[in-house]
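S.K.: Handing over upload_33.pdb, PDB, C-alpha atoms and all ligand atoms.
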```pdb
ATOM      1  CA  MET A   1      15.976-186.149  34.907  1.00  0.00           C
ATOM      2  CA  LEU A   2      17.937-187.666  32.053  1.00  0.00           C
ATOM      3  CA  ASN A   3      21.665-187.848  32.612  1.00  0.00           C
ATOM      4  CA  ASN A   4      22.356-188.594  29.002  1.00  0.00           C
ATOM      5  CA  PRO A   5      19.756-187.388  26.531  1.00  0.00           C
ATOM      6  CA  LYS A   6      19.807-189.606  23.441  1.00  0.00           C
ATOM      7  CA  LEU A   7      18.048-186.972  21.390  1.00  0.00           C
ATOM      8  CA  PHE A   8      18.273-183.191  21.135  1.00  0.00           C
ATOM      9  CA  VAL A   9      15.565-181.296  19.294  1.00  0.00           C
ATOM     10  CA  ALA A  10      17.047-178.540  17.113  1.00  0.00           C
ATOM     11  CA  PHE A  11      15.158-175.383  18.110  1.00  0.00           C
ATOM     12  CA  ASP A  12      15.776-173.429  14.901  1.00  0.00           C
ATOM     13  CA  PHE A  13      13.279-170.673  15.750  1.00  0.00           C
ATOM     14  CA  ASN A  14      13.563-166.906  15.311  1.00  0.00           C
ATOM     15  CA  ASP A  15      10.751-166.014  17.685  1.00  0.00           C
ATOM     16  CA  LEU A  16      11.202-166.435  21.422  1.00  0.00           C
ATOM     17  CA  ASN A  17       7.533-166.902  22.233  1.00  0.00           C
ATOM     18  CA  ASN A  18       7.190-169.592  19.569  1.00  0.00           C
ATOM     19  CA  ALA A  19      10.262-171.327  20.942  1.00  0.00           C
ATOM     20  CA  LYS A  20       8.956-171.211  24.518  1.00  0.00           C
ATOM     21  CA  GLU A  21       5.479-172.389  23.486  1.00  0.00           C
ATOM     22  CA  PHE A  22       6.969-175.187  21.407  1.00  0.00           C
ATOM     23  CA  SER A  23       9.062-176.423  24.331  1.00  0.00           C
ATOM     24  CA  LYS A  24       5.855-176.927  26.330  1.00  0.00           C
ATOM     25  CA  LYS A  25       4.905-179.682  23.851  1.00  0.00           C
ATOM     26  CA  LEU A  26       8.055-181.644  24.706  1.00  0.00           C
ATOM     27  CA  ASP A  27       9.082-183.608  27.767  1.00  0.00           C
ATOM     28  CA  PRO A  28      12.541-182.856  29.253  1.00  0.00           C
ATOM     29  CA  GLN A  29      12.683-186.519  30.294  1.00  0.00           C
ATOM     30  CA  GLN A  30      12.654-187.496  26.629  1.00  0.00           C
ATOM     31  CA  CYS A  31      14.903-184.946  24.960  1.00  0.00           C
ATOM     32  CA  GLY A  32      17.281-182.051  25.347  1.00  0.00           C
ATOM     33  CA  ILE A  33      17.111-178.795  23.391  1.00  0.00           C
ATOM     34  CA  LYS A  34      19.693-177.705  20.859  1.00  0.00           C
ATOM     35  CA  VAL A  35      20.010-173.922  20.791  1.00  0.00           C
ATOM     36  CA  GLY A  36      21.748-172.801  17.631  1.00  0.00           C
ATOM     37  CA  LYS A  37      22.810-169.543  16.065  1.00  0.00           C
ATOM     38  CA  GLU A  38      19.327-168.376  15.064  1.00  0.00           C
ATOM     39  CA  LEU A  39      17.643-168.739  18.439  1.00  0.00           C
ATOM     40  CA  PHE A  40      20.681-167.650  20.435  1.00  0.00           C
ATOM     41  CA  THR A  41      20.978-164.492  18.335  1.00  0.00           C
ATOM     42  CA  CYS A  42      17.335-163.722  19.141  1.00  0.00           C
ATOM     43  CA  GLY A  43      17.239-164.763  22.785  1.00  0.00           C
ATOM     44  CA  GLY A  44      20.803-164.888  24.115  1.00  0.00           C
ATOM     45  CA  PRO A  45      21.620-166.508  27.469  1.00  0.00           C
ATOM     46  CA  ALA A  46      18.117-165.723  28.802  1.00  0.00           C
ATOM     47  CA  ILE A  47      16.440-168.243  26.503  1.00  0.00           C
ATOM     48  CA  VAL A  48      18.981-170.897  27.493  1.00  0.00           C
ATOM     49  CA  GLU A  49      18.302-170.199  31.169  1.00  0.00           C
ATOM     50  CA  TRP A  50      14.532-170.298  30.576  1.00  0.00           C
ATOM     51  CA  PHE A  51      14.728-173.802  29.041  1.00  0.00           C
ATOM     52  CA  GLN A  52      17.068-174.919  31.824  1.00  0.00           C
ATOM     53  CA  SER A  53      14.548-173.711  34.406  1.00  0.00           C
ATOM     54  CA  LYS A  54      12.005-176.045  32.758  1.00  0.00           C
ATOM     55  CA  GLY A  55      14.364-178.985  33.175  1.00  0.00           C
ATOM     56  CA  PHE A  56      15.847-179.239  29.670  1.00  0.00           C
ATOM     57  CA  LYS A  57      19.508-179.995  29.117  1.00  0.00           C
ATOM     58  CA  ILE A  58      21.013-177.659  26.530  1.00  0.00           C
ATOM     59  CA  PHE A  59      23.330-178.346  23.629  1.00  0.00           C
ATOM     60  CA  LEU A  60      24.645-174.899  22.689  1.00  0.00           C
ATOM     61  CA  ASP A  61      25.348-175.312  18.979  1.00  0.00           C
ATOM     62  CA  LEU A  62      27.224-172.110  18.161  1.00  0.00           C
ATOM     63  CA  LYS A  63      30.047-173.910  16.303  1.00  0.00           C
ATOM     64  CA  PHE A  64      32.769-171.496  17.351  1.00  0.00           C
ATOM     65  CA  HIS A  65      35.454-170.978  14.691  1.00  0.00           C
ATOM     66  CA  ASP A  66      37.858-168.086  15.267  1.00  0.00           C
ATOM     67  CA  ILE A  67      41.362-167.327  16.505  1.00  0.00           C
ATOM     68  CA  PRO A  68      42.328-169.511  19.486  1.00  0.00           C
ATOM     69  CA  ASN A  69      42.068-166.805  22.155  1.00  0.00           C
ATOM     70  CA  THR A  70      38.591-165.743  21.041  1.00  0.00           C
ATOM     71  CA  VAL A  71      37.359-169.330  20.961  1.00  0.00           C
ATOM     72  CA  LYS A  72      38.850-170.033  24.380  1.00  0.00           C
ATOM     73  CA  ARG A  73      36.983-167.084  25.883  1.00  0.00           C
ATOM     74  CA  ALA A  74      33.743-167.947  24.064  1.00  0.00           C
ATOM     75  CA  CYS A  75      33.926-171.563  25.301  1.00  0.00           C
ATOM     76  CA  HIS A  76      34.570-170.322  28.834  1.00  0.00           C
ATOM     77  CA  ALA A  77      31.531-168.020  28.671  1.00  0.00           C
ATOM     78  CA  ALA A  78      29.342-170.804  27.250  1.00  0.00           C
ATOM     79  CA  SER A  79      30.476-173.209  29.988  1.00  0.00           C
ATOM     80  CA  LYS A  80      29.537-170.692  32.660  1.00  0.00           C
ATOM     81  CA  LEU A  81      25.983-170.729  31.278  1.00  0.00           C
ATOM     82  CA  GLY A  82      25.697-174.301  32.551  1.00  0.00           C
ATOM     83  CA  VAL A  83      25.004-175.856  29.164  1.00  0.00           C
ATOM     84  CA  TRP A  84      25.311-179.644  28.915  1.00  0.00           C
ATOM     85  CA  MET A  85      27.297-179.611  25.680  1.00  0.00           C
ATOM     86  CA  LEU A  86      28.854-177.033  23.342  1.00  0.00           C
ATOM     87  CA  ASN A  87      30.812-177.162  20.131  1.00  0.00           C
ATOM     88  CA  VAL A  88      33.457-175.674  17.860  1.00  0.00           C
ATOM     89  CA  HIS A  89      34.476-176.302  14.242  1.00  0.00           C
ATOM     90  CA  ALA A  90      37.345-178.791  13.923  1.00  0.00           C
ATOM     91  CA  MET A  91      38.337-176.848  10.787  1.00  0.00           C
ATOM     92  CA  GLY A  92      39.580-174.106  13.155  1.00  0.00           C
ATOM     93  CA  GLY A  93      42.766-176.140  13.584  1.00  0.00           C
ATOM     94  CA  ASN A  94      44.615-177.798  16.440  1.00  0.00           C
ATOM     95  CA  GLU A  95      45.644-174.661  18.317  1.00  0.00           C
ATOM     96  CA  MET A  96      42.035-173.582  18.345  1.00  0.00           C
ATOM     97  CA  LEU A  97      40.913-177.016  19.650  1.00  0.00           C
ATOM     98  CA  ILE A  98      43.477-176.825  22.470  1.00  0.00           C
ATOM     99  CA  ALA A  99      42.305-173.305  23.362  1.00  0.00           C
ATOM    100  CA  ALA A 100      38.644-174.372  23.334  1.00  0.00           C
ATOM    101  CA  LYS A 101      39.393-177.204  25.769  1.00  0.00           C
ATOM    102  CA  GLU A 102      41.306-174.823  28.047  1.00  0.00           C
ATOM    103  CA  GLY A 103      38.361-172.427  28.053  1.00  0.00           C
ATOM    104  CA  VAL A 104      36.000-175.191  29.168  1.00  0.00           C
ATOM    105  CA  ASP A 105      38.429-176.661  31.705  1.00  0.00           C
ATOM    106  CA  GLN A 106      38.957-173.276  33.344  1.00  0.00           C
ATOM    107  CA  SER A 107      35.261-172.998  34.201  1.00  0.00           C
ATOM    108  CA  ASN A 108      33.706-174.683  37.241  1.00  0.00           C
ATOM    109  CA  GLU A 109      31.152-176.370  35.015  1.00  0.00           C
ATOM    110  CA  ASN A 110      32.023-179.481  33.103  1.00  0.00           C
ATOM    111  CA  PRO A 111      30.129-179.465  29.795  1.00  0.00           C
ATOM    112  CA  TYR A 112      30.919-181.859  26.996  1.00  0.00           C
ATOM    113  CA  LEU A 113      32.985-180.161  24.307  1.00  0.00           C
ATOM    114  CA  ILE A 114      32.630-181.573  20.829  1.00  0.00           C
ATOM    115  CA  ALA A 115      33.694-180.463  17.363  1.00  0.00           C
ATOM    116  CA  VAL A 116      31.924-180.362  14.030  1.00  0.00           C
ATOM    117  CA  THR A 117      33.872-182.230  11.358  1.00  0.00           C
ATOM    118  CA  ILE A 118      32.164-181.575   8.011  1.00  0.00           C
ATOM    119  CA  LEU A 119      28.653-180.158   7.966  1.00  0.00           C
ATOM    120  CA  THR A 120      26.115-182.763   6.941  1.00  0.00           C
ATOM    121  CA  SER A 121      24.892-180.359   4.254  1.00  0.00           C
ATOM    122  CA  MET A 122      28.206-180.765   2.390  1.00  0.00           C
ATOM    123  CA  ASN A 123      29.369-183.368  -0.088  1.00  0.00           C
ATOM    124  CA  ASP A 124      32.596-183.925  -2.073  1.00  0.00           C
ATOM    125  CA  VAL A 125      31.601-181.324  -4.691  1.00  0.00           C
ATOM    126  CA  ASN A 126      31.027-178.670  -2.019  1.00  0.00           C
ATOM    127  CA  LEU A 127      34.424-179.438  -0.443  1.00  0.00           C
ATOM    128  CA  ASN A 128      36.071-179.155  -3.826  1.00  0.00           C
ATOM    129  CA  GLU A 129      34.444-175.738  -4.330  1.00  0.00           C
ATOM    130  CA  ILE A 130      36.328-174.428  -1.291  1.00  0.00           C
ATOM    131  CA  GLY A 131      39.646-175.901  -2.358  1.00  0.00           C
ATOM    132  CA  ILE A 132      39.602-179.150  -0.385  1.00  0.00           C
ATOM    133  CA  ASN A 133      40.448-181.926  -2.765  1.00  0.00           C
ATOM    134  CA  HIS A 134      39.999-184.831  -0.375  1.00  0.00           C
ATOM    135  CA  SER A 135      36.750-186.729  -0.146  1.00  0.00           C
ATOM    136  CA  VAL A 136      34.325-185.964   2.685  1.00  0.00           C
ATOM    137  CA  ASP A 137      35.271-189.368   4.194  1.00  0.00           C
ATOM    138  CA  GLU A 138      38.997-188.629   4.234  1.00  0.00           C
ATOM    139  CA  GLU A 139      38.480-185.140   5.600  1.00  0.00           C
ATOM    140  CA  ILE A 140      36.166-186.306   8.379  1.00  0.00           C
ATOM    141  CA  LEU A 141      38.644-188.943   9.582  1.00  0.00           C
ATOM    142  CA  LYS A 142      41.521-186.442   9.569  1.00  0.00           C
ATOM    143  CA  LEU A 143      39.492-183.887  11.549  1.00  0.00           C
ATOM    144  CA  ALA A 144      38.080-186.472  13.972  1.00  0.00           C
ATOM    145  CA  LEU A 145      41.587-187.736  14.787  1.00  0.00           C
ATOM    146  CA  ASN A 146      42.673-184.162  15.549  1.00  0.00           C
ATOM    147  CA  VAL A 147      39.673-183.727  17.850  1.00  0.00           C
ATOM    148  CA  ALA A 148      40.453-186.950  19.753  1.00  0.00           C
ATOM    149  CA  THR A 149      44.161-186.143  19.999  1.00  0.00           C
ATOM    150  CA  HIS A 150      43.331-182.876  21.724  1.00  0.00           C
ATOM    151  CA  ASN A 151      41.023-184.551  24.268  1.00  0.00           C
ATOM    152  CA  LEU A 152      37.703-183.124  23.197  1.00  0.00           C
ATOM    153  CA  ASP A 153      34.781-185.402  24.018  1.00  0.00           C
ATOM    154  CA  GLY A 154      33.465-186.191  20.572  1.00  0.00           C
ATOM    155  CA  ILE A 155      32.354-184.992  17.189  1.00  0.00           C
ATOM    156  CA  VAL A 156      29.332-183.954  15.178  1.00  0.00           C
ATOM    157  CA  CYS A 157      29.104-185.952  11.967  1.00  0.00           C
ATOM    158  CA  SER A 158      26.675-187.855   9.810  1.00  0.00           C
ATOM    159  CA  ALA A 159      25.773-191.278  11.216  1.00  0.00           C
ATOM    160  CA  GLY A 160      26.599-192.754   7.824  1.00  0.00           C
ATOM    161  CA  ASP A 161      30.225-191.692   8.340  1.00  0.00           C
ATOM    162  CA  LEU A 162      30.670-193.667  11.538  1.00  0.00           C
ATOM    163  CA  LYS A 163      31.677-197.025  10.142  1.00  0.00           C
ATOM    164  CA  ASN A 164      34.706-195.444   8.460  1.00  0.00           C
ATOM    165  CA  ILE A 165      35.947-193.573  11.501  1.00  0.00           C
ATOM    166  CA  LYS A 166      34.889-195.348  14.704  1.00  0.00           C
ATOM    167  CA  PRO A 167      37.642-198.003  14.576  1.00  0.00           C
ATOM    168  CA  TYR A 168      40.290-195.271  14.807  1.00  0.00           C
ATOM    169  CA  LEU A 169      38.749-193.253  17.636  1.00  0.00           C
ATOM    170  CA  PRO A 170      38.537-193.645  21.440  1.00  0.00           C
ATOM    171  CA  LYS A 171      35.947-196.108  22.782  1.00  0.00           C
ATOM    172  CA  ASP A 172      34.176-193.453  24.872  1.00  0.00           C
ATOM    173  CA  PHE A 173      34.054-190.850  22.086  1.00  0.00           C
ATOM    174  CA  ILE A 174      30.639-189.167  21.672  1.00  0.00           C
ATOM    175  CA  TYR A 175      29.077-189.171  18.193  1.00  0.00           C
ATOM    176  CA  VAL A 176      26.391-186.529  17.696  1.00  0.00           C
ATOM    177  CA  THR A 177      24.523-187.028  14.450  1.00  0.00           C
ATOM    178  CA  PRO A 178      22.188-184.573  12.703  1.00  0.00           C
ATOM    179  CA  GLY A 179      20.668-185.150   9.277  1.00  0.00           C
ATOM    180  CA  ILE A 180      18.078-187.535  10.760  1.00  0.00           C
ATOM    181  CA  ARG A 181      14.973-188.174   8.658  1.00  0.00           C
ATOM    182  CA  PRO A 182      12.413-190.751   9.840  1.00  0.00           C
ATOM    183  CA  ILE A 183      11.491-191.278   6.185  1.00  0.00           C
ATOM    184  CA  VAL A 184      14.108-191.028   3.435  1.00  0.00           C
ATOM    185  CA  ASP A 185      13.556-187.615   1.802  1.00  0.00           C
ATOM    186  CA  LEU A 186      15.635-186.696  -1.209  1.00  0.00           C
ATOM    187  CA  ASN A 187      14.219-183.177  -1.450  1.00  0.00           C
ATOM    188  CA  ASN A 188      16.050-181.485   1.315  1.00  0.00           C
ATOM    189  CA  ASP A 189      19.153-179.463   2.096  1.00  0.00           C
ATOM    190  CA  GLN A 190      20.729-182.198   4.230  1.00  0.00           C
ATOM    191  CA  LYS A 191      22.730-184.181   1.678  1.00  0.00           C
ATOM    192  CA  ARG A 192      23.659-187.050   3.968  1.00  0.00           C
ATOM    193  CA  THR A 193      20.517-188.192   5.798  1.00  0.00           C
ATOM    194  CA  ILE A 194      19.740-191.381   7.725  1.00  0.00           C
ATOM    195  CA  THR A 195      16.784-192.840   9.633  1.00  0.00           C
ATOM    196  CA  PRO A 196      16.879-192.758  13.483  1.00  0.00           C
ATOM    197  CA  GLU A 197      17.125-196.532  13.815  1.00  0.00           C
ATOM    198  CA  ASP A 198      19.964-196.773  11.288  1.00  0.00           C
ATOM    199  CA  ALA A 199      21.790-193.914  13.031  1.00  0.00           C
ATOM    200  CA  VAL A 200      21.762-195.894  16.275  1.00  0.00           C
ATOM    201  CA  LYS A 201      22.782-199.102  14.475  1.00  0.00           C
ATOM    202  CA  GLU A 202      25.759-197.267  13.009  1.00  0.00           C
ATOM    203  CA  GLY A 203      26.849-196.237  16.510  1.00  0.00           C
ATOM    204  CA  SER A 204      25.453-192.749  17.001  1.00  0.00           C
ATOM    205  CA  SER A 205      25.469-191.660  20.663  1.00  0.00           C
ATOM    206  CA  ILE A 206      23.142-188.648  20.364  1.00  0.00           C
ATOM    207  CA  LEU A 207      20.677-187.785  17.604  1.00  0.00           C
ATOM    208  CA  VAL A 208      19.923-184.180  16.613  1.00  0.00           C
ATOM    209  CA  VAL A 209      16.487-183.848  15.059  1.00  0.00           C
ATOM    210  CA  GLY A 210      15.024-180.573  13.845  1.00  0.00           C
ATOM    211  CA  ARG A 211      12.308-180.229  11.242  1.00  0.00           C
ATOM    212  CA  PRO A 212      10.943-183.795  11.493  1.00  0.00           C
ATOM    213  CA  ILE A 213       9.783-182.699  14.979  1.00  0.00           C
ATOM    214  CA  THR A 214       9.513-178.899  14.790  1.00  0.00           C
ATOM    215  CA  ALA A 215       7.556-178.903  11.502  1.00  0.00           C
ATOM    216  CA  SER A 216       5.334-181.794  12.531  1.00  0.00           C
ATOM    217  CA  GLN A 217       1.583-181.351  13.067  1.00  0.00           C
ATOM    218  CA  ASN A 218       2.008-183.331  16.279  1.00  0.00           C
ATOM    219  CA  PRO A 219       5.503-182.725  17.699  1.00  0.00           C
ATOM    220  CA  ALA A 220       4.993-184.794  20.855  1.00  0.00           C
ATOM    221  CA  LEU A 221       3.943-187.800  18.759  1.00  0.00           C
ATOM    222  CA  ALA A 222       6.793-187.284  16.276  1.00  0.00           C
ATOM    223  CA  LEU A 223       9.269-187.242  19.181  1.00  0.00           C
ATOM    224  CA  GLU A 224       7.672-190.292  20.783  1.00  0.00           C
ATOM    225  CA  GLU A 225       7.849-192.246  17.514  1.00  0.00           C
ATOM    226  CA  ILE A 226      11.534-191.469  17.076  1.00  0.00           C
ATOM    227  CA  ILE A 227      12.307-192.306  20.717  1.00  0.00           C
ATOM    228  CA  ASN A 228      10.542-195.658  20.290  1.00  0.00           C
ATOM    229  CA  LYS A 229      12.668-196.421  17.243  1.00  0.00           C
ATOM    230  CA  ILE A 230      15.944-195.760  19.027  1.00  0.00           C
ATOM    231  CA  ARG A 231      15.123-197.251  22.412  1.00  0.00           C
TER     232      ARG A 231
HETATM  233  O1  LIG A 301      15.950-179.666  10.637  1.00  0.00           O
HETATM  234  P1  LIG A 301      17.155-180.580  10.687  1.00  0.00           P
HETATM  235  O2  LIG A 301      16.843-181.921  11.336  1.00  0.00           O
HETATM  236  O3  LIG A 301      17.859-180.715   9.351  1.00  0.00           O
HETATM  237  O4  LIG A 301      18.152-179.829  11.686  1.00  0.00           O
HETATM  238  C1  LIG A 301      19.476-180.260  11.884  1.00  0.00           C
HETATM  239  C2  LIG A 301      20.137-179.364  12.865  1.00  0.00           C
HETATM  240  O5  LIG A 301      21.465-179.835  13.093  1.00  0.00           O
HETATM  241  C3  LIG A 301      20.260-177.901  12.417  1.00  0.00           C
HETATM  242  O6  LIG A 301      20.072-177.091  13.574  1.00  0.00           O
HETATM  243  C4  LIG A 301      21.699-177.789  11.909  1.00  0.00           C
HETATM  244  O7  LIG A 301      22.246-176.506  12.127  1.00  0.00           O
HETATM  245  C5  LIG A 301      22.414-178.816  12.806  1.00  0.00           C
HETATM  246  N1  LIG A 301      23.657-179.379  12.277  1.00  0.00           N
HETATM  247  C6  LIG A 301      23.726-180.039  11.069  1.00  0.00           C
HETATM  248  N2  LIG A 301      24.921-180.547  10.611  1.00  0.00           N
HETATM  249  C7  LIG A 301      26.016-180.430  11.354  1.00  0.00           C
HETATM  250  C8  LIG A 301      25.970-179.779  12.588  1.00  0.00           C
HETATM  251  C9  LIG A 301      24.738-179.278  13.027  1.00  0.00           C
HETATM  252  O8  LIG A 301      22.715-180.176  10.404  1.00  0.00           O
HETATM  253  N3  LIG A 301      27.140-180.990  10.935  1.00  0.00           N
END
```
When written as structure tokens, how does the structure in this file appear?

M.R.:
Amino acid sequence: MLNNPKLFVAFDFNDLNNAKEFSKKLDPQQCGIKVGKELFTCGGPAIVEWFQSKGFKIFLDLKFHDIPNTVKRACHAASKLGVWMLNVHAMGGNEMLIAAKEGVDQSNENPYLIAVTILTSMNDVNLNEIGINHSVDEEILKLALNVATHNLDGIVCSAGDLKNIKPYLPKDFIYVTPGIRPIVDLNNDQKRTITPEDAVKEGSSILVVGRPITASQNPALALEEIINKIR
């Protein structure tokens, strides 16, 4: 079994049977499964446990963002599920990051805890709309430094952001990068996309890939092609 999946497939499904059937097309030796808000709301812990029973490592992508005590308890509960990695929003602030880490550390499991910096669907204009007048680049570095200072394991960010931030962050920091498109596609909601091979060149540790695999006519082949590019 893989100790360190290099790729998690984003299972953004709203139907449990479809999600289970789809997983049968994938090999747990080649990828982990990212369970996000949509699938977890439909299937809860049972769907996570079902994938785990088939050998998949789970990245529980619920992006907790709440008052520190609530996030601590949510992170504790997620850790007890035996997931491989879970996450919070760095925008929740330093007290919340400290609480999240405590929640994980107080479980017997030892999942990786990472934090989302700025969603890859957002650009400078979108930040400005919510009253943040820094650039995406400046904001990501600020948030990533907070995450490292509070001993979380890494961040979620766009691979294109890495060159600006990696020099300032710990050597063993984990960089999880969504927004992967095997072919450059300007017509999509991800505003900062990158090819798998460029993501790895930029220093990504783990790729998150959704629709390029889940919407493919041949998911196993789509996965294989991406794996070959990042090997
Ligand atoms: O289909 P696609 O490859 O765009 O899926 C990307 C996945 O990564 C989605 O599940 C999305 O929620 C997630 N994600 C993201 N940007 C982040 C964090 C997570 O796109 N910053």

S.K.: Enclose all atoms of segment 94-99 of chain A listed in the file in an axis-aligned box, grow every side by 5 Å, and hand back centre and edge lengths in Å to one decimal, as AutoDock Vina command-line options.

M.R.:
```
--center_x 43.3 --center_y -175.6 --center_z 19.9 --size_x 14.7 --size_y 14.5 --size_z 16.9
```

S.K.: Hey, which residues sit close to ligand LIG 301 (chain A)? Say within 7 Å, counting all atoms listed in the file, and write them as a list in words.

M.R.: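 So, counting all atoms listed in the file, the residues near ligand LIG 301 (chain A) are Ala10, Phe11, Asp12, Gly36, Val116, Thr117, Ile118, Leu119, Thr120, Ser121, Val156, Cys157, Ser158, Pro178, Gly179, Ile180, Gln190, Val208, Val209, Gly210, Arg211 and Pro212 of chain A.
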
S.K.: Which residues would end up in the selection if the PyMOL selection byres (((chain A and resi 53-64) around 6) and not hetatm) were applied here, given that I need the answer as number ranges by chain?

M.R.: A: 28, 32-37, 50-52, 65, 83-89

S.K.: Grab the residues selected above and save them as an mmCIF file, keeping the file's coordinate frame with C-alpha atoms.

M.R.:
```
data_model
loop_
_atom_site.group_PDB
_atom_site.id
_atom_site.type_symbol
_atom_site.label_atom_id
_atom_site.label_comp_id
_atom_site.auth_asym_id
_atom_site.auth_seq_id
_atom_site.Cartn_x
_atom_site.Cartn_y
_atom_site.Cartn_z
ATOM 1 C CA PRO A 28 12.541 -182.856 29.253
ATOM 2 C CA GLY A 32 17.281 -182.051 25.347
ATOM 3 C CA ILE A 33 17.111 -178.795 23.391
ATOM 4 C CA LYS A 34 19.693 -177.705 20.859
ATOM 5 C CA VAL A 35 20.010 -173.922 20.791
ATOM 6 C CA GLY A 36 21.748 -172.801 17.631
ATOM 7 C CA LYS A 37 22.810 -169.543 16.065
ATOM 8 C CA TRP A 50 14.532 -170.298 30.576
ATOM 9 C CA PHE A 51 14.728 -173.802 29.041
ATOM 10 C CA GLN A 52 17.068 -174.919 31.824
ATOM 11 C CA HIS A 65 35.454 -170.978 14.691
ATOM 12 C CA VAL A 83 25.004 -175.856 29.164
ATOM 13 C CA TRP A 84 25.311 -179.644 28.915
ATOM 14 C CA MET A 85 27.297 -179.611 25.680
ATOM 15 C CA LEU A 86 28.854 -177.033 23.342
ATOM 16 C CA ASN A 87 30.812 -177.162 20.131
ATOM 17 C CA VAL A 88 33.457 -175.674 17.860
ATOM 18 C CA HIS A 89 34.476 -176.302 14.242
#
```

S.K.: Figure out the distance between atom CA of Leu141 of chain A and atom CA of Leu169 of chain A, please, to one decimal in Å.

M.R.: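 Computed distance, atom CA of Leu169 of chain A to atom CA of Leu141 of chain A, equals 9.1 Å.
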
S.K.: In Å, how far is it from atom CA of Gly154 of chain A to atom CA of Glu139 of chain A?

M.R.: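 Separating atom CA of Gly154 of chain A from atom CA of Glu139 of chain A is a distance of 15.8 Å.
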
S.K.: Kindly indicate which residue among A:Leu7, A:Leu207, A:Met91, A:Asn110 lies nearest to Ile132 of chain A, using all atoms listed in the file for the distances.

M.R.: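 Of A:Leu7, A:Leu207, A:Met91, A:Asn110, the one nearest Ile132 of chain A, counting all atoms listed in the file, is A:Met91.
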